[in-house]
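Below is one structure; the comments refer to it alone.
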Amino acid sequence: GAVVSQHPSRVICKSGTSVKIECRSLDFQATTMFWYRQFPKQSLMLMATSNEGSKATYEQGVEKDKFLINHASLTLSTLTVTSAHPEDSSFYICSAYRDTTYEQYFGPGTRLTVT
Amino acid sequence: AQRVTQPEKLLSVFKGAPVELKCNYSYSGSPELFWYVQYSRQRLQLLLRHISRESIKGFTADLNKGETSFHLKKPFAQEEDSAMYYCALSGFRSGGYQKVTFGTGTKLQVIP
């Protein structure tokens, strides 16, 4: 099956710093990737849709200047949390959409802790 | 707007008992419905989708447009079915790519 990786799996950073999370589709090309946020014991909340070669589409209430998304290639999307604050601590999950199977494949997630 | 409702946060059943995880949706167009499963310490993975009309690991789900439901069923629960289950709906928007909305999830606990 298709594999999507995320790096890092865990990151701890200080308040005010920026953190970059990578999402890679390892064995297929993805023109569309999605970034989700999951709070403890809650569902996944779609943050934004990442489009290769164009600007990301953000969901209502998500600050585009705080959560920078770059989809530089057909296998890589990055999410940068800028000027992180403790309330940004969460589990961030990406998924890659495979056109040939019309299916999303999920990464393992990244646990961000802002101290 | 698209919305997915899973009314039960936790469902506990005994091994061998039937399972039904409820899911209702709201969508103005013709949706595509999915069930995703997340086993402990594993990533989210697709369990089944309504267009496939297949049974995976003994689970089935039928789309009922009249009741706007897509309940997940299994006749005999097994311990390895214990996991978090998410119902999801896909709707199209301009650009052609799919936006997926997830329900809040139901934790299935199968008691030995």
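To be explicit about the labels: the chains of the structure tokens are called A, B, and onward in the order shown, and within each one the residues are counted from 1, while ligands get numbers from 1 in the order they are shown.
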**OP:** Write out as a ChimeraX atom specification the residues lying within 12 Å of stretch 17-21 of chain A, counting only C-alpha atoms and excluding same-chain residues fewer than 3 positions away.
**Re:** /A:5-14,24,35,65-71,76-86,88-89,91-94,107,109-115
**OP:** Determine which residues of chain A sit within 7 Å of chain B, taking into account only C-alpha atoms, and present them as a PyMOL selection string.
**Re:** chain A and resi 42-44+106-108
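As for atom CA of B:Cys23 and atom CA of A:Lys41, they are spaced 17.8 Å apart.
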Original post:
Just asking: which residues within chain B are strand (DSSP E) according to DSSP, as a PyMOL selection string?
Top reply: chain B and resi 3-5+10-14+19-21+24-26+32-38+45-49+60-61+72-74+83-92+98-102+106-111
Subject >> Shell around B:Glu79 at 8 Å using only C-alpha atoms, local window under 6 positions removed, as a ChimeraX atom specification >> reply: /B:15,109-112
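Closest approach to A:Ser50 among A:Ser95, A:Ser15, A:Ser25, A:Ser90 is made by A:Ser95 (distances from only C-alpha atoms).
Across B:Ala83, B:Ala77, B:Ile51, B:Leu72, the tightest approach to A:Tyr102 is made by B:Ile51 when counting only C-alpha atoms.
With only C-alpha atoms as the atoms that count, the residue of A:Leu26, A:Val3, A:Phe39, A:Met33 with the shortest distance to A:Ala96 is A:Met33.
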